[in-house]
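Text of the file input_10.tsv, holding TSV, C-alpha atoms:
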```tsv
chain	number	residue	atom	x	y	z
A	1	MET	CA	19.76	-64.51	49.28
A	2	LYS	CA	21.99	-61.59	50.05
A	3	GLN	CA	20.23	-58.66	51.65
A	4	THR	CA	21.93	-55.30	51.40
A	5	ASP	CA	21.14	-51.71	52.20
A	6	ALA	CA	18.85	-50.32	49.49
A	7	SER	CA	19.82	-46.71	50.08
A	8	SER	CA	22.46	-46.62	47.37
A	9	THR	CA	23.22	-49.14	44.65
A	10	GLY	CA	25.33	-49.01	41.53
A	11	TRP	CA	22.23	-48.73	39.37
A	12	GLN	CA	20.62	-46.03	41.51
A	13	ALA	CA	23.88	-44.09	41.82
A	14	SER	CA	24.34	-44.25	38.06
A	15	ASN	CA	20.76	-43.03	37.56
A	16	THR	CA	21.29	-40.11	39.92
A	17	HIS	CA	24.56	-39.24	38.21
A	18	ASN	CA	22.85	-39.27	34.80
A	19	LYS	CA	20.07	-36.98	36.07
A	20	ARG	CA	22.62	-34.52	37.45
A	21	ARG	CA	24.52	-34.60	34.17
A	22	VAL	CA	21.33	-33.76	32.22
A	23	SER	CA	20.60	-30.88	34.64
A	24	VAL	CA	24.08	-29.44	34.08
A	25	TRP	CA	23.76	-29.70	30.28
A	26	VAL	CA	20.26	-28.13	30.34
A	27	ALA	CA	21.49	-25.25	32.52
A	28	ALA	CA	24.48	-24.67	30.21
A	29	TRP	CA	22.24	-24.78	27.14
A	30	VAL	CA	19.75	-22.28	28.65
A	31	VAL	CA	22.58	-19.87	29.52
A	32	SER	CA	24.05	-20.20	26.01
A	33	MET	CA	20.59	-19.60	24.52
A	34	ALA	CA	20.28	-16.41	26.56
A	35	MET	CA	23.75	-15.34	25.42
A	36	ALA	CA	22.88	-15.98	21.77
A	37	ALA	CA	19.57	-14.13	22.15
A	38	PHE	CA	20.64	-11.09	24.16
A	39	GLY	CA	24.41	-10.94	23.61
A	40	PRO	CA	24.29	-9.35	20.14
A	41	ARG	CA	22.07	-6.50	21.34
A	42	PHE	CA	23.40	-5.84	24.83
A	43	LEU	CA	26.99	-7.13	24.90
A	44	TRP	CA	28.75	-7.00	21.53
A	45	ASP	CA	26.61	-4.70	19.34
A	46	PHE	CA	25.77	-7.30	16.67
A	47	ASN	CA	29.40	-8.19	15.94
A	48	THR	CA	28.90	-10.96	13.37
A	49	ALA	CA	31.84	-13.13	14.45
A	50	LEU	CA	30.80	-13.12	18.13
A	51	THR	CA	27.18	-13.76	17.19
A	52	VAL	CA	28.13	-16.76	15.01
A	53	ILE	CA	30.33	-18.12	17.82
A	54	SER	CA	27.53	-17.75	20.37
A	55	VAL	CA	25.10	-19.58	18.07
A	56	LEU	CA	27.64	-22.37	17.43
A	57	ILE	CA	28.23	-22.74	21.19
A	58	ASN	CA	24.47	-22.90	21.71
A	59	LEU	CA	24.14	-25.64	19.08
A	60	ALA	CA	27.07	-27.61	20.52
A	61	LEU	CA	25.64	-27.44	24.04
A	62	GLY	CA	22.25	-28.47	22.62
A	63	ALA	CA	23.86	-31.54	21.06
A	64	GLY	CA	25.53	-32.34	24.39
A	65	MET	CA	22.19	-31.98	26.16
A	66	ILE	CA	20.57	-34.42	23.73
A	67	MET	CA	23.37	-36.97	24.25
A	68	ALA	CA	23.10	-36.64	28.04
A	69	ASN	CA	19.34	-37.12	27.79
A	70	ILE	CA	19.78	-40.27	25.66
A	71	ARG	CA	22.25	-41.64	28.21
A	72	GLN	CA	19.81	-40.92	31.02
A	73	VAL	CA	16.95	-42.70	29.22
A	74	LYS	CA	19.17	-45.71	28.49
A	75	GLY	CA	20.01	-45.87	32.19
A	76	MET	CA	16.38	-46.04	33.26
A	77	ASP	CA	14.72	-49.36	34.05
A	78	GLU	CA	12.23	-50.80	31.56
A	79	MET	CA	9.07	-49.41	33.17
A	80	GLN	CA	10.56	-45.93	33.43
A	81	GLN	CA	11.60	-46.19	29.77
A	82	LYS	CA	8.04	-47.16	28.81
A	83	ILE	CA	6.58	-44.20	30.72
A	84	PHE	CA	9.14	-41.91	29.05
A	85	LEU	CA	8.41	-43.37	25.60
A	86	ASP	CA	4.64	-42.97	26.03
A	87	ALA	CA	5.07	-39.37	27.19
A	88	SER	CA	7.40	-38.65	24.25
A	89	ALA	CA	4.88	-40.11	21.79
A	90	VAL	CA	2.02	-38.00	23.19
A	91	THR	CA	4.21	-34.88	23.18
A	92	LEU	CA	5.34	-35.47	19.59
A	93	GLY	CA	1.74	-35.94	18.45
A	94	VAL	CA	0.43	-32.91	20.31
A	95	GLY	CA	3.36	-30.80	19.09
A	96	LEU	CA	2.81	-31.79	15.47
A	97	ILE	CA	-0.98	-31.40	15.48
A	98	ALA	CA	-1.06	-28.22	17.56
A	99	GLY	CA	1.86	-26.70	15.62
A	100	CYS	CA	0.20	-27.25	12.24
A	101	SER	CA	-3.20	-26.03	13.48
A	102	TYR	CA	-1.67	-22.99	15.18
A	103	GLU	CA	0.08	-21.99	11.96
A	104	LEU	CA	-3.13	-22.57	10.01
A	105	LEU	CA	-5.14	-20.33	12.34
A	106	GLU	CA	-3.01	-17.38	11.33
A	107	ASP	CA	-3.10	-18.28	7.62
A	108	ILE	CA	-6.91	-18.43	7.58
A	109	ARG	CA	-7.13	-15.29	9.76
A	110	LEU	CA	-8.82	-16.85	12.76
A	111	ILE	CA	-6.18	-15.25	14.97
A	112	GLY	CA	-4.80	-11.79	14.44
A	113	PHE	CA	-1.26	-12.33	15.65
A	114	GLN	CA	1.84	-14.14	14.41
A	115	PRO	CA	2.17	-17.66	15.94
A	116	GLU	CA	5.13	-17.83	18.35
A	117	ILE	CA	7.35	-20.91	18.58
A	118	SER	CA	7.60	-20.28	22.34
A	119	HIS	CA	3.87	-21.02	22.71
A	120	LEU	CA	4.38	-24.40	21.03
A	121	ILE	CA	7.41	-25.20	23.20
A	122	LEU	CA	5.45	-24.32	26.33
A	123	LEU	CA	2.56	-26.55	25.21
A	124	MET	CA	4.98	-29.44	24.51
A	125	CYS	CA	6.66	-29.03	27.91
A	126	LEU	CA	3.31	-29.04	29.71
A	127	THR	CA	2.12	-32.04	27.66
A	128	PHE	CA	5.29	-33.99	28.46
A	129	ALA	CA	5.11	-33.19	32.17
A	130	LEU	CA	1.42	-34.13	32.34
A	131	SER	CA	2.04	-37.35	30.38
A	132	LEU	CA	4.83	-38.34	32.80
A	133	ILE	CA	2.53	-37.75	35.77
A	134	VAL	CA	-0.29	-39.78	34.18
A	135	GLY	CA	2.16	-42.54	33.22
A	136	ASN	CA	3.59	-42.77	36.72
A	137	ARG	CA	0.12	-42.84	38.28
A	138	ARG	CA	-0.97	-45.60	35.88
A	139	TYR	CA	1.65	-47.99	37.28
A	140	GLN	CA	1.24	-47.07	40.98
B	1	MET	CA	0.44	-61.76	33.41
B	2	LYS	CA	-0.06	-63.25	36.87
B	3	ASN	CA	2.90	-63.65	39.20
B	4	ASN	CA	3.67	-64.61	42.78
B	5	ILE	CA	6.59	-62.29	43.35
B	6	ARG	CA	5.02	-60.74	46.45
B	7	VAL	CA	4.67	-64.17	48.06
B	8	LEU	CA	8.22	-65.19	47.16
B	9	ARG	CA	9.55	-61.88	48.39
B	10	ASN	CA	7.72	-62.16	51.71
B	11	GLU	CA	8.91	-65.75	52.16
B	12	ARG	CA	12.47	-64.44	51.94
B	13	SER	CA	11.73	-61.37	54.12
B	14	LEU	CA	12.75	-58.99	51.40
B	15	THR	CA	11.42	-55.46	51.01
B	16	GLN	CA	10.44	-54.12	47.61
B	17	ALA	CA	13.46	-51.83	47.76
B	18	GLN	CA	15.82	-54.74	48.43
B	19	LEU	CA	14.36	-56.78	45.58
B	20	ALA	CA	14.55	-53.73	43.30
B	21	GLN	CA	18.18	-53.30	44.24
B	22	ALA	CA	18.96	-56.94	43.49
B	23	LEU	CA	17.23	-56.74	40.10
B	24	GLU	CA	18.60	-53.26	39.28
B	25	VAL	CA	15.20	-51.66	38.78
B	26	SER	CA	13.25	-49.04	40.71
B	27	ARG	CA	11.04	-49.92	43.69
B	28	GLN	CA	8.09	-48.52	41.72
B	29	THR	CA	8.74	-51.11	39.01
B	30	ILE	CA	8.70	-53.97	41.53
B	31	ASN	CA	5.46	-52.59	42.97
B	32	ALA	CA	3.88	-52.36	39.49
B	33	ILE	CA	4.94	-55.94	38.65
B	34	GLU	CA	3.57	-57.26	41.94
B	35	LYS	CA	0.26	-55.50	41.30
B	36	GLU	CA	0.29	-56.97	37.77
B	37	LYS	CA	0.09	-53.51	36.24
B	38	PHE	CA	3.36	-53.95	34.37
B	39	ASP	CA	4.70	-57.07	32.67
B	40	PRO	CA	8.48	-57.44	32.92
B	41	SER	CA	10.62	-58.10	29.87
B	42	LEU	CA	11.98	-61.59	29.27
B	43	PRO	CA	15.48	-60.66	30.56
B	44	LEU	CA	14.00	-59.23	33.78
B	45	ALA	CA	11.78	-62.29	34.18
B	46	PHE	CA	14.84	-64.57	33.79
B	47	LYS	CA	16.78	-62.44	36.24
B	48	THR	CA	13.92	-62.68	38.76
B	49	ALA	CA	13.69	-66.44	38.34
B	50	ARG	CA	17.46	-66.82	38.79
B	51	LEU	CA	17.34	-64.67	41.93
B	52	PHE	CA	14.66	-66.88	43.51
B	53	ASN	CA	16.28	-70.09	42.18
B	54	LEU	CA	13.07	-71.00	40.39
B	55	ALA	CA	11.91	-71.55	36.83
B	56	ILE	CA	10.15	-68.66	35.11
B	57	GLU	CA	6.88	-70.61	34.92
B	58	ASP	CA	7.00	-71.08	38.71
B	59	ILE	CA	6.82	-67.31	39.10
B	60	PHE	CA	4.89	-66.02	36.10
B	61	GLU	CA	1.69	-67.34	34.59
B	62	TYR	CA	0.62	-66.11	31.19
B	63	GLU	CA	-3.05	-65.18	30.84
B	64	HIS	CA	-4.40	-64.86	27.33
B	65	VAL	CA	-6.48	-61.70	27.03
B	66	GLU	CA	-8.95	-61.41	24.14
```

Show how you would write the structure in this file as structure tokens.
Amino acid sequence: MKQTDASSTGWQASNTHNKRRVSVWVAAWVVSMAMAAFGPRFLWDFNTALTVISVLINLALGAGMIMANIRQVKGMDEMQQKIFLDASAVTLGVGLIAGCSYELLEDIRLIGFQPEISHLILLMCLTFALSLIVGNRRYQ
Amino acid sequence: MKNNIRVLRNERSLTQAQLAQALEVSRQTINAIEKEKFDPSLPLAFKTARLFNLAIEDIFEYEHVE
């Protein structure tokens, strides 16, 4: 059986490349989100055309980020894909349940403030990260 | 599912990383399969058997769990 250096293989190199690509798309999307959020107020005084363009750019970069993420997941090996799938399922469930309950809390006046989407996004990010850690530990 | 990948790998003086490289999976996946914490897919099982020049049933043993 052929024994070769395990430091870099086609599969590993492709995986690393995919991760870098996702990082670039995420960074671009975050910057475009900031532009769409703060540009109208601080840069172009709510010019409608520029605001629409910034939102369209943000959406386009978001689509690119999703595609890059799909490519990265497809490039993972089967155990990594399973860990990712399990974490996604938990995150989707928590996001749905917590989102509905959070909205309800305001409707039935158990909380005195307007629910913020950012709170839900933060919860989903933390849930996904925690699920990945638990998933990786399960197979160690 | 039981398997004797660790034995076969040691017989051929392969590290987990080298086997992972040959099978195009991560070293963590090889480790999980060896510890019987993760069952490989049929394609990966065939690939493993082909790599060791053995039949699948010589490497993996199915255990029915109630």

Item to complete: Please measure the separation of CA of Glu63 in chain B and CA of Ala32 in chain B, giving the value in Å to one decimal.
Response: 16.9 Å

Item to complete: Please write as a PyMOL selection string the list of polymer residues whose atoms come within 12 Å of (11.7, -61.6, 39.6), counting only C-alpha atoms and keeping to the coordinates of the file.
Response: chain B and resi 3-9+16+18-25+29-31+33-34+39-60

Item to complete: Give as a ChimeraX atom specification each residue that has an atom at most 12 Å from (5.2, -29.4, 25.4) in the file, counting only C-alpha atoms.
Response: /A:87-99,117-132

Generate the output file for the selected residues, C-alpha atoms, as a CSV table (one decimal), in the coordinates of the input.
```
chain,number,residue,atom,x,y,z
A,87,ALA,CA,5.1,-39.4,27.2
A,88,SER,CA,7.4,-38.6,24.2
A,89,ALA,CA,4.9,-40.1,21.8
A,90,VAL,CA,2.0,-38.0,23.2
A,91,THR,CA,4.2,-34.9,23.2
A,92,LEU,CA,5.3,-35.5,19.6
A,93,GLY,CA,1.7,-35.9,18.4
A,94,VAL,CA,0.4,-32.9,20.3
A,95,GLY,CA,3.4,-30.8,19.1
A,96,LEU,CA,2.8,-31.8,15.5
A,97,ILE,CA,-1.0,-31.4,15.5
A,98,ALA,CA,-1.1,-28.2,17.6
A,99,GLY,CA,1.9,-26.7,15.6
A,117,ILE,CA,7.4,-20.9,18.6
A,118,SER,CA,7.6,-20.3,22.3
A,119,HIS,CA,3.9,-21.0,22.7
A,120,LEU,CA,4.4,-24.4,21.0
A,121,ILE,CA,7.4,-25.2,23.2
A,122,LEU,CA,5.4,-24.3,26.3
A,123,LEU,CA,2.6,-26.6,25.2
A,124,MET,CA,5.0,-29.4,24.5
A,125,CYS,CA,6.7,-29.0,27.9
A,126,LEU,CA,3.3,-29.0,29.7
A,127,THR,CA,2.1,-32.0,27.7
A,128,PHE,CA,5.3,-34.0,28.5
A,129,ALA,CA,5.1,-33.2,32.2
A,130,LEU,CA,1.4,-34.1,32.3
A,131,SER,CA,2.0,-37.4,30.4
A,132,LEU,CA,4.8,-38.3,32.8
```

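The nearest approach to chain B among the residues A:Ala34, A:Ile133, A:Leu104, A:Met79, with all atoms listed in the file taken into account, belongs to A:Met79.
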